[in-house]
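Take a look at the structure set out below.
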2 protein chains.
Amino acid sequence: MEDEKGILFILSGPSGVGKGTVRKALFEQDPALQYSISVTTRKPRVGETNGVDYFFKSKEEVEEMIEQNELIEYAEYVGNYYGTPKAYVEETLKAGKDVFLEIEVQGAMQVKKNFPEGVFIFLFPPSLEELKNRIIDRGTETENLVKNRLLEAKKEIDMMDEYDYVVVNDQVKKAVSRIQSIVVSEHCKRERVSKQYKKALGRVDL
Amino acid sequence: MEDEKGILFILSGPSGVGKGTVRKALFEQDPALQYSISVTTRKPRVGETNGVDYFFKSKEEVEEMIEQNELIEYAEYVGNYYGTPKAYVEETLKAGKDVFLEIEVQGAMQVKKNFPEGVFIFLFPPSLEELKNRIIDRGTETENLVKNRLLEAKKEIDMMDEYDYVVVNDQVKKAVSRIQSIVVSEHCKRERVSKQYKKALGRVDL
(Lines give C-alpha, C1' and ligand atoms only; values in the text may rest on other atoms or scores of the structure.)
Protein backbone atom coordinates (compact mmCIF):
# COMPACT_ATOMS: atom_id res chain seq x y z
CA MET A 1 0.00 0.00 0.00
CA GLU A 2 3.13 2.18 -0.03
CA ASP A 3 2.12 4.58 -2.82
CA GLU A 4 -1.52 4.84 -1.95
CA LYS A 5 -3.03 8.27 -1.35
CA GLY A 6 -5.38 8.79 1.57
CA ILE A 7 -9.14 8.69 1.05
CA LEU A 8 -11.45 11.56 1.89
CA PHE A 9 -14.49 10.30 3.79
CA ILE A 10 -17.46 12.59 4.23
CA LEU A 11 -19.86 11.79 7.06
CA SER A 12 -23.05 13.74 6.71
CA GLY A 13 -26.78 13.44 7.24
CA PRO A 14 -29.81 15.34 8.43
CA SER A 15 -29.79 17.72 11.36
CA GLY A 16 -30.25 15.83 14.63
CA VAL A 17 -29.21 12.39 13.31
CA GLY A 18 -26.21 12.21 15.65
CA LYS A 19 -23.29 12.92 13.29
CA GLY A 20 -21.16 14.43 16.05
CA THR A 21 -21.71 11.54 18.46
CA VAL A 22 -20.85 8.93 15.83
CA ARG A 23 -17.80 10.86 14.71
CA LYS A 24 -16.53 11.12 18.28
CA ALA A 25 -17.04 7.41 18.94
CA LEU A 26 -15.29 6.58 15.67
CA PHE A 27 -12.26 8.65 16.61
CA GLU A 28 -12.11 7.24 20.12
CA GLN A 29 -11.90 3.74 18.64
CA ASP A 30 -9.17 4.66 16.19
CA PRO A 31 -7.02 7.58 17.37
CA ALA A 32 -4.93 7.37 14.18
CA LEU A 33 -7.79 8.70 12.07
CA GLN A 34 -7.39 12.25 10.87
CA TYR A 35 -10.36 14.43 11.57
CA SER A 36 -10.74 17.71 9.83
CA ILE A 37 -12.07 20.30 12.23
CA SER A 38 -14.49 22.79 10.75
CA VAL A 39 -14.62 26.52 11.23
CA THR A 40 -17.94 27.97 12.32
CA THR A 41 -19.47 31.26 13.30
CA ARG A 42 -22.06 29.71 15.59
CA LYS A 43 -21.68 30.07 19.35
CA PRO A 44 -20.10 27.16 21.24
CA ARG A 45 -22.62 24.88 22.98
CA VAL A 46 -21.99 23.74 26.56
CA GLY A 47 -19.06 21.31 26.56
CA GLU A 48 -17.67 22.34 23.17
CA THR A 49 -14.05 23.42 22.95
CA ASN A 50 -12.45 25.74 20.40
CA GLY A 51 -9.91 23.83 18.26
CA VAL A 52 -11.42 20.48 19.25
CA ASP A 53 -15.07 20.53 18.23
CA TYR A 54 -14.78 23.51 15.91
CA PHE A 55 -12.66 26.54 15.24
CA PHE A 56 -15.05 29.22 16.44
CA LYS A 57 -14.58 32.31 14.26
CA SER A 58 -16.26 35.64 13.66
CA LYS A 59 -18.39 36.18 10.57
CA GLU A 60 -15.72 38.51 9.20
CA GLU A 61 -12.94 35.96 9.61
CA VAL A 62 -14.87 33.22 7.79
CA GLU A 63 -15.89 35.55 4.98
CA GLU A 64 -12.22 36.42 4.52
CA MET A 65 -11.37 32.70 4.25
CA ILE A 66 -14.13 32.20 1.67
CA GLU A 67 -12.81 35.10 -0.37
CA GLN A 68 -9.26 33.70 -0.23
CA ASN A 69 -10.60 30.30 -1.37
CA GLU A 70 -9.26 28.67 1.78
CA LEU A 71 -12.33 26.53 2.42
CA ILE A 72 -13.00 23.22 0.65
CA GLU A 73 -16.66 23.82 1.37
CA TYR A 74 -18.76 26.16 3.40
CA ALA A 75 -22.41 26.57 4.16
CA GLU A 76 -24.68 29.02 5.82
CA TYR A 77 -26.97 27.05 8.06
CA VAL A 78 -29.64 28.56 10.31
CA GLY A 79 -27.82 31.86 10.06
CA ASN A 80 -24.26 30.61 10.71
CA TYR A 81 -21.26 29.68 8.57
CA TYR A 82 -19.67 26.21 8.68
CA GLY A 83 -16.58 25.46 6.58
CA THR A 84 -13.63 23.12 6.05
CA PRO A 85 -10.04 24.38 5.71
CA LYS A 86 -8.64 23.27 2.34
CA ALA A 87 -4.91 23.05 3.08
CA TYR A 88 -5.28 20.54 5.90
CA VAL A 89 -7.31 18.12 3.77
CA GLU A 90 -4.98 18.21 0.79
CA GLU A 91 -1.79 17.77 2.80
CA THR A 92 -3.17 14.86 4.80
CA LEU A 93 -4.37 12.96 1.72
CA LYS A 94 -1.03 13.48 0.02
CA ALA A 95 0.72 12.02 3.07
CA GLY A 96 -1.28 8.81 2.54
CA LYS A 97 -3.68 9.37 5.44
CA ASP A 98 -7.44 9.27 5.29
CA VAL A 99 -9.36 12.41 6.18
CA PHE A 100 -12.78 12.45 7.81
CA LEU A 101 -15.16 15.33 7.39
CA GLU A 102 -18.29 15.48 9.49
CA ILE A 103 -20.39 18.14 7.89
CA GLU A 104 -23.88 19.32 7.07
CA VAL A 105 -25.51 18.15 3.84
CA GLN A 106 -25.05 21.48 2.04
CA GLY A 107 -21.32 21.34 2.65
CA ALA A 108 -21.08 17.70 1.58
CA MET A 109 -22.53 18.60 -1.81
CA GLN A 110 -19.84 21.24 -2.30
CA VAL A 111 -17.16 18.72 -1.40
CA LYS A 112 -18.67 16.35 -3.95
CA LYS A 113 -18.19 19.01 -6.61
CA ASN A 114 -14.57 19.65 -5.57
CA PHE A 115 -13.63 16.06 -4.63
CA PRO A 116 -15.85 13.64 -6.57
CA GLU A 117 -13.38 10.88 -5.59
CA GLY A 118 -14.39 11.30 -1.94
CA VAL A 119 -16.49 8.62 -0.25
CA PHE A 120 -19.82 10.02 0.86
CA ILE A 121 -21.57 8.42 3.84
CA PHE A 122 -25.11 9.43 4.77
CA LEU A 123 -26.07 8.84 8.39
CA PHE A 124 -29.73 7.90 8.56
CA PRO A 125 -31.99 8.08 11.62
CA PRO A 126 -33.35 4.77 12.97
CA SER A 127 -36.79 6.25 12.46
CA LEU A 128 -38.00 9.64 11.38
CA GLU A 129 -40.13 10.03 14.47
CA GLU A 130 -36.97 9.70 16.50
CA LEU A 131 -35.18 12.32 14.43
CA LYS A 132 -38.06 14.68 15.11
CA ASN A 133 -37.85 14.01 18.84
CA ARG A 134 -34.09 14.44 18.91
CA ILE A 135 -34.31 17.84 17.24
CA ILE A 136 -37.03 18.95 19.67
CA ASP A 137 -35.22 17.48 22.71
CA ARG A 138 -31.91 19.12 21.97
CA GLY A 139 -33.44 22.01 23.88
CA THR A 140 -30.84 24.54 22.85
CA GLU A 141 -33.00 26.14 20.18
CA THR A 142 -36.03 28.40 20.16
CA GLU A 143 -39.34 27.05 18.81
CA ASN A 144 -38.73 28.86 15.55
CA LEU A 145 -35.30 27.27 15.13
CA VAL A 146 -36.78 23.81 15.81
CA LYS A 147 -39.28 24.36 13.00
CA ASN A 148 -36.48 25.49 10.68
CA ARG A 149 -34.40 22.45 11.59
CA LEU A 150 -37.24 20.06 10.84
CA LEU A 151 -37.77 21.63 7.42
CA GLU A 152 -34.02 21.45 6.75
CA ALA A 153 -33.90 17.79 7.85
CA LYS A 154 -36.57 16.88 5.34
CA LYS A 155 -34.69 18.62 2.51
CA GLU A 156 -31.46 16.95 3.65
CA ILE A 157 -32.93 13.46 3.55
CA ASP A 158 -33.95 14.11 -0.04
CA MET A 159 -30.21 14.49 -0.81
CA MET A 160 -29.49 10.87 0.13
CA ASP A 161 -29.25 9.86 -3.54
CA GLU A 162 -26.04 11.87 -3.86
CA TYR A 163 -24.22 9.63 -1.39
CA ASP A 164 -22.24 6.41 -1.80
CA TYR A 165 -23.34 4.75 1.43
CA VAL A 166 -26.23 4.96 3.85
CA VAL A 167 -25.53 3.98 7.46
CA VAL A 168 -28.36 3.71 9.97
CA ASN A 169 -27.60 5.26 13.34
CA ASP A 170 -29.71 2.75 15.28
CA GLN A 171 -26.91 2.29 17.84
CA VAL A 172 -23.77 4.42 17.86
CA LYS A 173 -21.57 1.33 18.26
CA LYS A 174 -23.14 -0.38 15.26
CA ALA A 175 -22.99 2.75 13.12
CA VAL A 176 -19.29 3.15 13.97
CA SER A 177 -18.59 -0.48 13.09
CA ARG A 178 -20.34 -0.08 9.72
CA ILE A 179 -18.32 3.03 8.95
CA GLN A 180 -15.10 1.20 9.87
CA SER A 181 -16.09 -1.55 7.44
CA ILE A 182 -16.64 1.02 4.71
CA VAL A 183 -13.14 2.42 5.35
CA VAL A 184 -11.49 -1.02 5.11
CA SER A 185 -13.55 -1.95 2.09
CA GLU A 186 -12.76 1.26 0.21
CA HIS A 187 -9.06 0.56 0.71
CA CYS A 188 -9.57 -2.81 -1.03
CA LYS A 189 -11.26 -1.31 -4.10
CA ARG A 190 -9.58 -2.59 -7.20
CA GLU A 191 -9.34 0.79 -8.93
CA ARG A 192 -7.43 2.17 -5.93
CA VAL A 193 -4.93 -0.65 -5.53
CA SER A 194 -4.43 -2.41 -8.87
CA LYS A 195 -1.61 -0.09 -9.91
CA GLN A 196 0.53 -1.10 -6.93
CA TYR A 197 -0.17 -4.79 -7.44
CA LYS A 198 0.75 -4.58 -11.08
CA LYS A 199 4.02 -2.96 -10.09
CA ALA A 200 4.69 -5.92 -7.79
CA LEU A 201 3.84 -8.27 -10.65
CA GLY A 202 6.36 -6.62 -12.94
CA ARG A 203 9.20 -7.53 -10.56
CA VAL A 204 8.64 -11.29 -10.66
CA ASP A 205 9.17 -13.90 -13.33
CA LEU A 206 6.49 -16.55 -12.87
CA MET B 1 -33.55 -4.11 5.45
CA GLU B 2 -36.75 -6.16 5.12
CA ASP B 3 -37.09 -6.09 1.34
CA GLU B 4 -33.44 -6.37 0.49
CA LYS B 5 -32.28 -9.18 -1.79
CA GLY B 6 -29.16 -11.13 -0.94
CA ILE B 7 -25.84 -10.23 -2.54
CA LEU B 8 -23.80 -12.64 -4.61
CA PHE B 9 -20.12 -12.46 -3.56
CA ILE B 10 -17.54 -14.11 -5.77
CA LEU B 11 -14.21 -14.96 -4.16
CA SER B 12 -11.62 -15.82 -6.76
CA GLY B 13 -7.95 -15.41 -7.54
CA PRO B 14 -4.98 -17.22 -9.01
CA SER B 15 -4.27 -20.87 -8.50
CA GLY B 16 -2.44 -21.42 -5.20
CA VAL B 17 -3.43 -18.12 -3.56
CA GLY B 18 -5.36 -19.85 -0.77
CA LYS B 19 -8.99 -19.31 -1.79
CA GLY B 20 -10.17 -22.50 -0.11
CA THR B 21 -8.42 -21.74 3.19
CA VAL B 22 -9.81 -18.20 3.33
CA ARG B 23 -13.29 -19.37 2.41
CA LYS B 24 -13.25 -22.01 5.17
CA ALA B 25 -12.05 -19.52 7.79
CA LEU B 26 -14.72 -17.05 6.68
CA PHE B 27 -17.47 -19.63 7.10
CA GLU B 28 -16.17 -20.81 10.45
CA GLN B 29 -16.43 -17.22 11.73
CA ASP B 30 -19.95 -16.76 10.43
CA PRO B 31 -21.89 -20.01 10.13
CA ALA B 32 -24.93 -18.13 8.84
CA LEU B 33 -23.22 -17.39 5.53
CA GLN B 34 -24.50 -19.38 2.57
CA TYR B 35 -21.77 -21.09 0.63
CA SER B 36 -22.49 -22.44 -2.81
CA ILE B 37 -20.76 -25.76 -3.25
CA SER B 38 -19.35 -26.40 -6.70
CA VAL B 39 -19.56 -29.53 -8.77
CA THR B 40 -16.27 -30.88 -10.10
CA THR B 41 -14.95 -33.82 -12.05
CA ARG B 42 -11.55 -33.73 -10.38
CA LYS B 43 -10.62 -36.46 -7.90
CA PRO B 44 -11.04 -35.61 -4.19
CA ARG B 45 -7.80 -34.66 -2.39
CA VAL B 46 -7.00 -36.11 1.01
CA GLY B 47 -9.41 -34.62 3.58
CA GLU B 48 -11.99 -33.48 1.04
CA THR B 49 -15.58 -34.66 1.48
CA ASN B 50 -18.26 -35.02 -1.18
CA GLY B 51 -21.12 -32.57 -0.56
CA VAL B 52 -18.96 -30.43 1.72
CA ASP B 53 -15.92 -29.34 -0.29
CA TYR B 54 -17.38 -30.18 -3.70
CA PHE B 55 -19.97 -32.34 -5.34
CA PHE B 56 -17.68 -34.82 -7.05
CA LYS B 57 -19.29 -35.87 -10.34
CA SER B 58 -18.37 -37.81 -13.45
CA LYS B 59 -17.55 -36.00 -16.67
CA GLU B 60 -20.80 -37.25 -18.18
CA GLU B 61 -22.90 -35.95 -15.30
CA VAL B 62 -21.39 -32.44 -15.48
CA GLU B 63 -21.74 -32.31 -19.27
CA GLU B 64 -25.41 -33.16 -18.86
CA MET B 65 -25.81 -30.27 -16.36
CA ILE B 66 -24.10 -27.89 -18.79
CA GLU B 67 -26.40 -28.96 -21.60
CA GLN B 68 -29.47 -28.48 -19.38
CA ASN B 69 -28.21 -24.98 -18.45
CA GLU B 70 -28.14 -25.93 -14.76
CA LEU B 71 -24.79 -24.28 -14.04
CA ILE B 72 -24.36 -20.56 -13.41
CA GLU B 73 -20.78 -20.98 -14.58
CA TYR B 74 -18.42 -23.77 -15.41
CA ALA B 75 -14.81 -24.06 -16.40
CA GLU B 76 -12.45 -26.69 -17.62
CA TYR B 77 -9.28 -26.29 -15.61
CA VAL B 78 -6.22 -28.49 -15.90
CA GLY B 79 -8.40 -31.13 -17.51
CA ASN B 80 -11.32 -31.04 -15.07
CA TYR B 81 -14.74 -29.38 -14.91
CA TYR B 82 -15.72 -27.03 -12.09
CA GLY B 83 -19.24 -25.56 -11.99
CA THR B 84 -21.85 -23.81 -9.82
CA PRO B 85 -25.45 -25.02 -9.59
CA LYS B 86 -27.80 -22.24 -10.73
CA ALA B 87 -30.97 -23.03 -8.76
CA TYR B 88 -29.30 -22.86 -5.36
CA VAL B 89 -27.84 -19.40 -5.99
CA GLU B 90 -31.06 -17.86 -7.28
CA GLU B 91 -33.24 -19.24 -4.50
CA THR B 92 -30.88 -18.11 -1.77
CA LEU B 93 -30.60 -14.54 -3.11
CA LYS B 94 -34.37 -14.31 -3.43
CA ALA B 95 -34.71 -15.35 0.21
CA GLY B 96 -32.61 -12.31 1.17
CA LYS B 97 -29.46 -14.26 1.99
CA ASP B 98 -26.01 -13.59 0.62
CA VAL B 99 -24.33 -16.29 -1.45
CA PHE B 100 -20.59 -16.89 -1.56
CA LEU B 101 -18.91 -18.50 -4.52
CA GLU B 102 -15.30 -19.52 -4.26
CA ILE B 103 -14.27 -20.27 -7.81
CA GLU B 104 -11.48 -20.18 -10.34
CA VAL B 105 -10.96 -17.03 -12.40
CA GLN B 106 -12.46 -18.49 -15.59
CA GLY B 107 -15.69 -19.28 -13.74
CA ALA B 108 -15.79 -15.86 -12.10
CA MET B 109 -15.77 -14.21 -15.52
CA GLN B 110 -18.79 -16.26 -16.60
CA VAL B 111 -20.62 -15.27 -13.41
CA LYS B 112 -19.81 -11.65 -14.22
CA LYS B 113 -21.57 -12.05 -17.57
CA ASN B 114 -24.63 -13.68 -15.98
CA PHE B 115 -24.69 -11.67 -12.70
CA PRO B 116 -22.99 -8.30 -13.29
CA GLU B 117 -24.57 -7.14 -10.01
CA GLY B 118 -22.39 -9.63 -8.11
CA VAL B 119 -19.50 -8.37 -5.99
CA PHE B 120 -16.20 -9.70 -7.30
CA ILE B 121 -13.32 -10.13 -4.86
CA PHE B 122 -9.85 -11.03 -6.11
CA LEU B 123 -7.60 -12.73 -3.59
CA PHE B 124 -4.03 -11.63 -4.16
CA PRO B 125 -0.86 -13.40 -2.96
CA PRO B 126 1.29 -11.52 -0.42
CA SER B 127 4.10 -11.88 -2.94
CA LEU B 128 4.37 -13.61 -6.26
CA GLU B 129 7.41 -15.59 -5.14
CA GLU B 130 5.26 -17.03 -2.41
CA LEU B 131 2.52 -17.97 -4.86
CA LYS B 132 5.11 -19.83 -6.92
CA ASN B 133 6.34 -21.70 -3.85
CA ARG B 134 2.81 -22.58 -2.74
CA ILE B 135 1.99 -24.09 -6.11
CA ILE B 136 5.22 -26.11 -6.10
CA ASP B 137 4.81 -27.13 -2.42
CA ARG B 138 1.26 -28.34 -2.79
CA GLY B 139 2.96 -31.55 -3.84
CA THR B 140 -0.14 -33.16 -5.28
CA GLU B 141 0.73 -32.38 -8.87
CA THR B 142 3.21 -33.71 -11.39
CA GLU B 143 5.96 -31.42 -12.66
CA ASN B 144 4.00 -30.81 -15.83
CA LEU B 145 0.90 -29.78 -13.89
CA VAL B 146 2.98 -27.39 -11.77
CA LYS B 147 4.20 -25.70 -14.94
CA ASN B 148 0.63 -25.47 -16.25
CA ARG B 149 -0.57 -24.02 -12.97
CA LEU B 150 2.12 -21.34 -12.98
CA LEU B 151 1.18 -20.30 -16.50
CA GLU B 152 -2.50 -20.24 -15.52
CA ALA B 153 -1.73 -18.18 -12.41
CA LYS B 154 -0.04 -15.52 -14.52
CA LYS B 155 -3.03 -15.31 -16.86
CA GLU B 156 -5.37 -15.21 -13.88
CA ILE B 157 -3.59 -12.28 -12.27
CA ASP B 158 -4.01 -10.36 -15.52
CA MET B 159 -7.78 -10.67 -14.96
CA MET B 160 -7.62 -8.60 -11.77
CA ASP B 161 -9.04 -5.54 -13.57
CA GLU B 162 -12.37 -7.30 -13.93
CA TYR B 163 -12.89 -7.39 -10.16
CA ASP B 164 -14.45 -4.93 -7.70
CA TYR B 165 -12.06 -5.56 -4.81
CA VAL B 166 -8.55 -6.86 -4.30
CA VAL B 167 -7.78 -8.51 -0.95
CA VAL B 168 -4.24 -9.50 -0.05
CA ASN B 169 -3.97 -12.92 1.56
CA ASP B 170 -1.00 -11.98 3.74
CA GLN B 171 -2.62 -13.61 6.77
CA VAL B 172 -5.79 -15.66 6.55
CA LYS B 173 -7.28 -13.86 9.56
CA LYS B 174 -6.65 -10.44 8.03
CA ALA B 175 -7.96 -11.49 4.62
CA VAL B 176 -11.14 -12.83 6.26
CA SER B 177 -11.61 -9.59 8.21
CA ARG B 178 -11.24 -7.54 5.01
CA ILE B 179 -13.81 -9.69 3.23
CA GLN B 180 -16.21 -9.31 6.16
CA SER B 181 -15.80 -5.54 5.89
CA ILE B 182 -16.59 -5.70 2.18
CA VAL B 183 -19.79 -7.63 2.98
CA VAL B 184 -20.95 -5.08 5.58
CA SER B 185 -19.97 -2.17 3.35
CA GLU B 186 -21.79 -3.55 0.30
CA HIS B 187 -24.94 -3.81 2.41
CA CYS B 188 -24.64 -0.08 3.17
CA LYS B 189 -24.38 0.96 -0.49
CA ARG B 190 -26.86 3.65 -1.21
CA GLU B 191 -28.14 2.14 -4.47
CA ARG B 192 -29.06 -1.06 -2.59
CA VAL B 193 -30.85 0.51 0.36
CA SER B 194 -32.25 3.91 -0.66
CA LYS B 195 -35.55 2.44 -1.85
CA GLN B 196 -36.34 1.02 1.60
CA TYR B 197 -35.36 4.23 3.36
CA LYS B 198 -37.56 6.27 1.06
CA LYS B 199 -40.45 3.98 1.89
CA ALA B 200 -39.86 4.69 5.58
CA LEU B 201 -39.77 8.41 4.80
CA GLY B 202 -43.15 8.23 3.07
CA ARG B 203 -44.81 7.07 6.28
CA VAL B 204 -43.81 10.06 8.40
CA ASP B 205 -44.92 13.68 8.46
CA LEU B 206 -41.92 15.74 9.52
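Residues in the C-alpha coordinates are named by chain (A, B, ... in the order shown) and by number from 1 within that chain; ligands are numbered from 1 in the order shown.
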Report task. Do a neighbour search on Gly16 (chain B) at 10 Å with only C-alpha atoms, toss out local chain neighbours closer than 5 positions, and write the hits as an NGL selection string. Result -> :B and (124-125 or 130-138 or 149-150 or 153)
Query raised in the report: Within 8 Å of chain B, which residues of chain A show up when using only C-alpha atoms, listed as an MDAnalysis selection string?
Result: chainID A and resid 127:129 132 150:151 154 160:161 163:167 178:182 184:185 188:191 193:194 200:201 204 206
Report task. If you run DSSP over the backbone, which residues in chain B end up alpha helix (DSSP H)? Put them as a VMD selection string. Result -> chain B and resid 19 to 29 59 to 67 86 to 94 105 to 114 128 to 137 143 to 157 172 to 187 190 to 202
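The space separating CA of Glu73 (chain B) from CA of Pro31 (chain B) comes to 24.8 Å.
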**Report entry** Residues near Gln106 (chain A), cut-off 12 Å, only C-alpha atoms, skip fewer than 2 positions along chain, as a PyMOL selection string
**Finding:** chain A and resi 10+12-15+73-78+81-83+102-104+108-113+152-153+155-160+162
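Nearest residue to Ala175 (chain B), choosing from B:Val17, B:Leu101, B:Leu145, B:Leu8 and counting only C-alpha atoms: B:Val17.
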Report task. Run DSSP on the backbone and grab whatever in region 99-164 of chain B lands in strand (DSSP E or B); send it over as a list in words. Result ->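 So the strand (DSSP E or B) residues in region 99-164 of chain B would be Val99, Phe100, Leu101, Glu102, Val119, Phe120, Ile121, Phe122, Leu123 and Phe124 of chain B.
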Query raised in the report: Skipping near chain neighbours, those fewer than 6 positions away, what residues fall within 7 Å of region 55-62 of chain A using only C-alpha atoms, listed as JSON, numbers by chain?
Result: {"A": [37, 38, 39, 40, 41]}
Deliver the residues from the most recent selection as a file, using all heavy atoms, as a PDB file, in the first residue's frame.
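Below is the file selection_25.pdb, written as the result:
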```
ATOM      1  N   ILE A  37     -11.213  19.450  11.395  1.00  0.00           N
ATOM      2  CA  ILE A  37     -12.065  20.302  12.231  1.00  0.00           C
ATOM      3  C   ILE A  37     -12.581  21.482  11.407  1.00  0.00           C
ATOM      4  O   ILE A  37     -11.825  22.114  10.677  1.00  0.00           O
ATOM      5  CB  ILE A  37     -11.264  20.800  13.456  1.00  0.00           C
ATOM      6  CG1 ILE A  37     -10.792  19.592  14.271  1.00  0.00           C
ATOM      7  CG2 ILE A  37     -12.096  21.745  14.302  1.00  0.00           C
ATOM      8  CD1 ILE A  37      -9.618  19.891  15.183  1.00  0.00           C
ATOM      9  N   SER A  38     -13.858  21.718  11.515  1.00  0.00           N
ATOM     10  CA  SER A  38     -14.486  22.793  10.750  1.00  0.00           C
ATOM     11  C   SER A  38     -14.352  24.138  11.456  1.00  0.00           C
ATOM     12  O   SER A  38     -14.184  24.197  12.672  1.00  0.00           O
ATOM     13  CB  SER A  38     -15.970  22.492  10.548  1.00  0.00           C
ATOM     14  OG  SER A  38     -16.153  21.313   9.820  1.00  0.00           O
ATOM     15  N   VAL A  39     -14.436  25.180  10.649  1.00  0.00           N
ATOM     16  CA  VAL A  39     -14.619  26.518  11.226  1.00  0.00           C
ATOM     17  C   VAL A  39     -16.112  26.804  11.279  1.00  0.00           C
ATOM     18  O   VAL A  39     -16.868  26.304  10.452  1.00  0.00           O
ATOM     19  CB  VAL A  39     -13.914  27.623  10.392  1.00  0.00           C
ATOM     20  CG1 VAL A  39     -12.419  27.387  10.344  1.00  0.00           C
ATOM     21  CG2 VAL A  39     -14.490  27.719   8.991  1.00  0.00           C
ATOM     22  N   THR A  40     -16.536  27.571  12.253  1.00  0.00           N
ATOM     23  CA  THR A  40     -17.942  27.966  12.316  1.00  0.00           C
ATOM     24  C   THR A  40     -18.080  29.322  12.992  1.00  0.00           C
ATOM     25  O   THR A  40     -17.218  29.721  13.794  1.00  0.00           O
ATOM     26  CB  THR A  40     -18.808  26.934  13.057  1.00  0.00           C
ATOM     27  OG1 THR A  40     -20.181  27.336  12.973  1.00  0.00           O
ATOM     28  CG2 THR A  40     -18.441  26.808  14.537  1.00  0.00           C
ATOM     29  N   THR A  41     -19.164  29.980  12.641  1.00  0.00           N
ATOM     30  CA  THR A  41     -19.468  31.257  13.302  1.00  0.00           C
ATOM     31  C   THR A  41     -20.520  31.080  14.390  1.00  0.00           C
ATOM     32  O   THR A  41     -20.873  32.038  15.065  1.00  0.00           O
ATOM     33  CB  THR A  41     -19.996  32.289  12.282  1.00  0.00           C
ATOM     34  OG1 THR A  41     -21.141  31.739  11.626  1.00  0.00           O
ATOM     35  CG2 THR A  41     -18.940  32.634  11.255  1.00  0.00           C
TER      36      THR A  41
END
```
Requested in this report: Kindly give the distance, in Å, that separates CA of Gly6 (chain B) and CA of Val172 (chain A), rounded to a single decimal.
Outcome: 25.0 Å
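As for CA of Gln171 (chain B) and CA of Lys94 (chain A), they are spaced 28.0 Å apart.
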Requested in this report: Name all residues at most 7 Å from Leu71 (chain B) (count only C-alpha atoms; drop same-chain ones fewer than 5 positions away) and give them as a ChimeraX atom specification.
Outcome: /B:65-66,83-86
